Amino acid sequence: MVFRKPPDGGWGWVIVVVSFFTQFLCYGSPLAVGVLYVEWLDAFGEGKGKTAWVGSLANGIGLLASPVCSICVSSFGARPVAIFSGFMVAGGLMMSSFAPNIYFLYISYGIVVGLGCGLLYTATVTITCQYFDKRRGLALGLISTGSSVGLFIYAALQRALIDLYGLDGCLLIVGALSLNILACGSLMRPLESSDSPPPEKTCVDKVPDQYFVYHEKEKTVEENISILEKGYADEKCANNIPDYKQDNILNKNVLSSINVNEKDTYKKKVVEQTNFCKQLAKRKWQLYLNYWRETMVLFKNKVFSALFVAILLFDIGGFPPSLLMEDVARSVNINEDDYHMPLISIIGIMTAVGKLTLGILADIKWVNTLYLYVTTLLMTGVALFAIPFAKSYLTLAMLSAILGFLTGNWSIFPYVTTKTVGIEKLTHAYGILMFFAGLGNSLGPPIVGWFYDWTQEYDTAFYFSGFCVLLGGFLLLLAALPCWNTCTSQSSKLPPNTYSYKVASSA
């Protein structure tokens with residue numbers, strides 16, 4: 001497919017605004033699920049482990065289902081997926097208000113809301129990348145701050161709604177607010193693939209030749225008609241109809257009343273319909289094979305293979321601090337009177353700052369976005385190694401701010417993916433990478449918890465987390481050094497009608 005050059009403005013800024021509010025509305029409640037977590041503990045009387053699965057599913061299922069989300073966006077477009085997902089998020093939140101037990105919440109809040117958020121995230125990132133090239137980093141940084149802003153507002157909002165209307169009323173109102181996603185989704189106008197649309201084709205012509213898996217020789221219409229007439233004659237002989245003369249007279253009467261051209265036209269239509277169904281089945285099978293072939297081609301790219309390892313290790317090691325930093329402070333006996341601001345709030349604020357700042361840096365011509373992302377990974381690993389040496393609120397607050405800022409590299413991750421595989425393969429590749437990111441989010445906190453149960457302290461756990469992030473960063477750096485210029489030279493050989501996304505040269 002030939003993509004039209006991104007406008008880098010115009011309606012693209014409308015896309016940025018609606019994508020910001022889409023992430024704000026869909027991720028506000030799942031990221032601030034800690035407020036609901038306490039209420040669910042009291043309401044259902046289940047253990048903390050069982051109850052925590054609700055929030056884990058809501059934040060992880062969307063990433064784990066990223067390949068499915070990518071296929072949906074590729075097949076139906078960002079706007080239909082966003083509108084449908086808005087109903088999912090709103091419906092899941094409203095159904096959660098009627099939950100009779102914790103297992104119902106696994107479905108309504110964990111799976112339905114989580115999957116809706118995953119679909120919306122993929123849709124907003126994909127359509128933003130299509131509208132922006134030179135300012136893509138800024139655009140992605142702006143829309144990704146929507147989830148961070150949603151965390152702060154929804155944390156206070158849900159607490160106030162629970163005090164006024166109870167847990168059930170809070171979920172109903174938050175679900176009703178999520179219906180505004182429908183309005184945002186309706187404004188996601190797709191970017192045309194080319195300035196001049198191709199001429200309209202017939203139904204049969206719409207099945208491309210490259211989708212024919214079986215290469216047997218296709219018979220002409222006349223040959224198929226002769227086969228049909230021969231089969232009809234053989235069937236007549238096999239049935240041994242006794243009254244041959246009466247049948248012959250009847251056939252003559254019928255044939256005399258039907259125009260010969262109409263008879264031939266009807267037979268041709270039957271043959272065309274048969275060929276179309278056969279070709280359509282071949283096309284569906286070929287699409288399935290092409291998906292796996294494209295996946296194998298992606299993993300032959302050394303940078304992409306290193307990128308998926310890096311994002312997996314980053315989420316295993318970098319995600320737990322956002323959940324465990326408060327417990328780390330208690331484990332070193334920091335007095336609660338010394339708290340000027342919760343450490344989680346510091347992480348959240350600095351994540352929003354990091355997303356915007358790193359997004360702006362990614363748009364600078366002399367900044368290589370891949371190396372910028374590698375730098376954030378290496379610095380995150382060093383900060384994780386420093387956590388065991390922090391014994392005061394001030395040092396933990398500084399480390400929380402650093403980790404939050406570096407976690408803002410999520411805003412440039414789609415940018416890095418686009419530079420690595422190209423805009424044409426962005427949706428496919430991004431879905432695969434987000435699956436591994438979700439796997440890392442799911443494995444990280446349990447692994448850190450197992451280390452704590454084994455050693456009864458967090459030092460070993462954070463040494464392990466820092467090692468994982470550093471390993472991923474070094475592997476990505478080694479893979480990028482020999483391949484980056486090669487990818488750039490290959491992109492310059494694209495056909496003249498294809499828009500090329502060139503990699504920024506390093507300083």
# chains A, B, ... in the order shown; residues from 1 in each chain; ligands from 1
$ residues_around --residues "A:Gly114" --least-positions-apart "4" --cutoff "12 Å" --atoms "only C-alpha atoms" --output "JSON list (two decimals) with N, CA and C atoms, in the first residue's frame"
[["chain", "number", "residue", "atom", "x", "y", "z"],
["A", 26, "CYS", "N", -10.03, 6.29, 29.23],
["A", 26, "CYS", "CA", -10.01, 4.83, 29.34],
["A", 26, "CYS", "C", -9.03, 4.34, 30.40],
["A", 27, "TYR", "N", -7.90, 5.03, 30.57],
["A", 27, "TYR", "CA", -6.89, 4.55, 31.51],
["A", 27, "TYR", "C", -6.98, 5.19, 32.89],
["A", 28, "GLY", "N", -7.83, 6.21, 33.06],
["A", 28, "GLY", "CA", -7.92, 6.88, 34.35],
["A", 28, "GLY", "C", -8.29, 5.94, 35.47],
["A", 29, "SER", "N", -9.35, 5.16, 35.30],
["A", 29, "SER", "CA", -9.79, 4.25, 36.35],
["A", 29, "SER", "C", -8.86, 3.06, 36.53],
["A", 30, "PRO", "N", -8.41, 2.35, 35.48],
["A", 30, "PRO", "CA", -7.51, 1.21, 35.70],
["A", 30, "PRO", "C", -6.19, 1.58, 36.35],
["A", 31, "LEU", "N", -5.62, 2.75, 36.01],
["A", 31, "LEU", "CA", -4.36, 3.14, 36.64],
["A", 31, "LEU", "C", -4.57, 3.57, 38.09],
["A", 33, "VAL", "N", -6.68, 2.16, 40.11],
["A", 33, "VAL", "CA", -7.48, 1.07, 40.66],
["A", 33, "VAL", "C", -7.18, 0.83, 42.13],
["A", 53, "TRP", "N", -5.83, -9.36, 41.59],
["A", 53, "TRP", "CA", -5.89, -9.83, 40.21],
["A", 53, "TRP", "C", -6.80, -8.96, 39.35],
["A", 54, "VAL", "N", -7.76, -8.29, 39.96],
["A", 54, "VAL", "CA", -8.67, -7.43, 39.17],
["A", 54, "VAL", "C", -7.89, -6.31, 38.51],
["A", 55, "GLY", "N", -7.10, -5.59, 39.31],
["A", 55, "GLY", "CA", -6.30, -4.51, 38.75],
["A", 55, "GLY", "C", -5.20, -5.00, 37.82],
["A", 56, "SER", "N", -4.62, -6.17, 38.14],
["A", 56, "SER", "CA", -3.57, -6.72, 37.28],
["A", 56, "SER", "C", -4.12, -7.06, 35.90],
["A", 57, "LEU", "N", -5.28, -7.66, 35.85],
["A", 57, "LEU", "CA", -5.88, -7.99, 34.56],
["A", 57, "LEU", "C", -6.22, -6.73, 33.77],
["A", 58, "ALA", "N", -6.76, -5.72, 34.46],
["A", 58, "ALA", "CA", -7.15, -4.49, 33.76],
["A", 58, "ALA", "C", -5.96, -3.79, 33.13],
["A", 59, "ASN", "N", -4.80, -3.87, 33.78],
["A", 59, "ASN", "CA", -3.62, -3.19, 33.24],
["A", 59, "ASN", "C", -2.78, -4.07, 32.34],
["A", 60, "GLY", "N", -2.94, -5.40, 32.43],
["A", 60, "GLY", "CA", -2.10, -6.28, 31.65],
["A", 60, "GLY", "C", -2.76, -6.94, 30.46],
["A", 61, "ILE", "N", -4.09, -7.12, 30.52],
["A", 61, "ILE", "CA", -4.76, -7.87, 29.45],
["A", 61, "ILE", "C", -4.70, -7.12, 28.12],
["A", 62, "GLY", "N", -4.72, -5.79, 28.16],
["A", 62, "GLY", "CA", -4.66, -5.02, 26.92],
["A", 62, "GLY", "C", -3.32, -5.20, 26.22],
["A", 63, "LEU", "N", -2.23, -5.27, 27.00],
["A", 63, "LEU", "CA", -0.92, -5.48, 26.40],
["A", 63, "LEU", "C", -0.76, -6.90, 25.91],
["A", 64, "LEU", "N", -1.24, -7.86, 26.69],
["A", 64, "LEU", "CA", -1.13, -9.26, 26.28],
["A", 64, "LEU", "C", -1.91, -9.53, 24.99],
["A", 65, "ALA", "N", -3.01, -8.81, 24.82],
["A", 65, "ALA", "CA", -3.84, -9.00, 23.63],
["A", 65, "ALA", "C", -3.47, -8.03, 22.51],
["A", 66, "SER", "N", -2.29, -7.43, 22.58],
["A", 66, "SER", "CA", -1.90, -6.44, 21.58],
["A", 66, "SER", "C", -1.87, -6.99, 20.15],
["A", 69, "CYS", "N", -5.34, -6.82, 19.07],
["A", 69, "CYS", "CA", -5.73, -5.42, 18.91],
["A", 69, "CYS", "C", -5.16, -4.85, 17.61],
["A", 85, "SER", "N", -14.61, 0.10, 21.17],
["A", 85, "SER", "CA", -13.92, -0.05, 22.45],
["A", 85, "SER", "C", -14.49, 0.89, 23.50],
["A", 86, "GLY", "N", -14.98, 2.05, 23.08],
["A", 86, "GLY", "CA", -15.63, 2.94, 24.04],
["A", 86, "GLY", "C", -16.82, 2.28, 24.71],
["A", 88, "MET", "N", -17.07, -0.93, 25.12],
["A", 88, "MET", "CA", -16.51, -1.97, 25.99],
["A", 88, "MET", "C", -16.10, -1.40, 27.34],
["A", 89, "VAL", "N", -15.35, -0.30, 27.33],
["A", 89, "VAL", "CA", -14.86, 0.29, 28.58],
["A", 89, "VAL", "C", -16.03, 0.77, 29.44],
["A", 90, "ALA", "N", -16.95, 1.52, 28.83],
["A", 90, "ALA", "CA", -18.10, 2.03, 29.58],
["A", 90, "ALA", "C", -18.97, 0.89, 30.10],
["A", 91, "GLY", "N", -19.23, -0.10, 29.22],
["A", 91, "GLY", "CA", -20.06, -1.23, 29.65],
["A", 91, "GLY", "C", -19.41, -2.04, 30.75],
["A", 92, "GLY", "N", -18.09, -2.26, 30.66],
["A", 92, "GLY", "CA", -17.40, -3.02, 31.69],
["A", 92, "GLY", "C", -17.43, -2.33, 33.04],
["A", 93, "LEU", "N", -17.24, -1.01, 33.05],
["A", 93, "LEU", "CA", -17.29, -0.27, 34.31],
["A", 93, "LEU", "C", -18.69, -0.29, 34.92],
["A", 105, "LEU", "N", -15.88, -9.59, 38.77],
["A", 105, "LEU", "CA", -15.01, -8.46, 38.44],
["A", 105, "LEU", "C", -13.86, -8.87, 37.55],
["A", 106, "TYR", "N", -13.41, -10.12, 37.67],
["A", 106, "TYR", "CA", -12.36, -10.58, 36.76],
["A", 106, "TYR", "C", -12.77, -10.41, 35.31],
["A", 107, "ILE", "N", -14.07, -10.67, 35.03],
["A", 107, "ILE", "CA", -14.57, -10.58, 33.66],
["A", 107, "ILE", "C", -14.91, -9.14, 33.30],
["A", 108, "SER", "N", -15.75, -8.50, 34.14],
["A", 108, "SER", "CA", -16.29, -7.18, 33.79],
["A", 108, "SER", "C", -15.22, -6.10, 33.83],
["A", 109, "TYR", "N", -14.44, -6.06, 34.90],
["A", 109, "TYR", "CA", -13.44, -4.99, 35.03],
["A", 109, "TYR", "C", -12.09, -5.42, 34.46],
["A", 110, "GLY", "N", -11.66, -6.64, 34.80],
["A", 110, "GLY", "CA", -10.34, -7.07, 34.38],
["A", 110, "GLY", "C", -10.23, -7.30, 32.89],
["A", 118, "GLY", "N", -6.74, -1.74, 25.76],
["A", 118, "GLY", "CA", -5.72, -2.16, 24.81],
["A", 118, "GLY", "C", -6.07, -1.79, 23.37],
["A", 119, "LEU", "N", -7.33, -1.98, 23.00],
["A", 119, "LEU", "CA", -7.77, -1.60, 21.66],
["A", 119, "LEU", "C", -7.66, -0.10, 21.44],
["A", 120, "LEU", "N", -8.04, 0.67, 22.44],
["A", 120, "LEU", "CA", -8.00, 2.13, 22.31],
["A", 120, "LEU", "C", -6.56, 2.63, 22.23],
["A", 121, "TYR", "N", -5.66, 2.02, 23.01],
["A", 121, "TYR", "CA", -4.27, 2.45, 22.97],
["A", 121, "TYR", "C", -3.66, 2.20, 21.59],
["A", 438, "GLY", "N", 3.30, -6.67, 28.06],
["A", 438, "GLY", "CA", 2.29, -7.15, 29.00],
["A", 438, "GLY", "C", 2.77, -8.37, 29.78]]
$ residues_around --residues "stretch 361-365 of chain A" --least-positions-apart "4" --cutoff "8 Å" --atoms "only C-alpha atoms" --output "PyMOL selection string"
chain A and resi 134-138+357+369+372+412+504-505
$ closest_residue --among "A:Val113, A:Val35, A:Ala155, A:Ala123" --to "A:Phe76" --atoms "only C-alpha atoms"
A:Ala123
$ select_by_dssp --residues "stretch 60-176 of chain A" --states "alpha helix (DSSP H)" --output "PyMOL selection string"
chain A and resi 60-64+66-76+78-96+102-105+114-131+136-176
$ atom_distance --atom1 "atom CA of A:Val16" --atom2 "atom CA of A:Leu157"
24.3 Å
$ residues_around --residues "A:Val382" --least-positions-apart "2" --cutoff "12 Å" --atoms "only C-alpha atoms" --output "ChimeraX atom specification"
/A:317-318,375-380,384-389,399,402-403,406,462-471,473
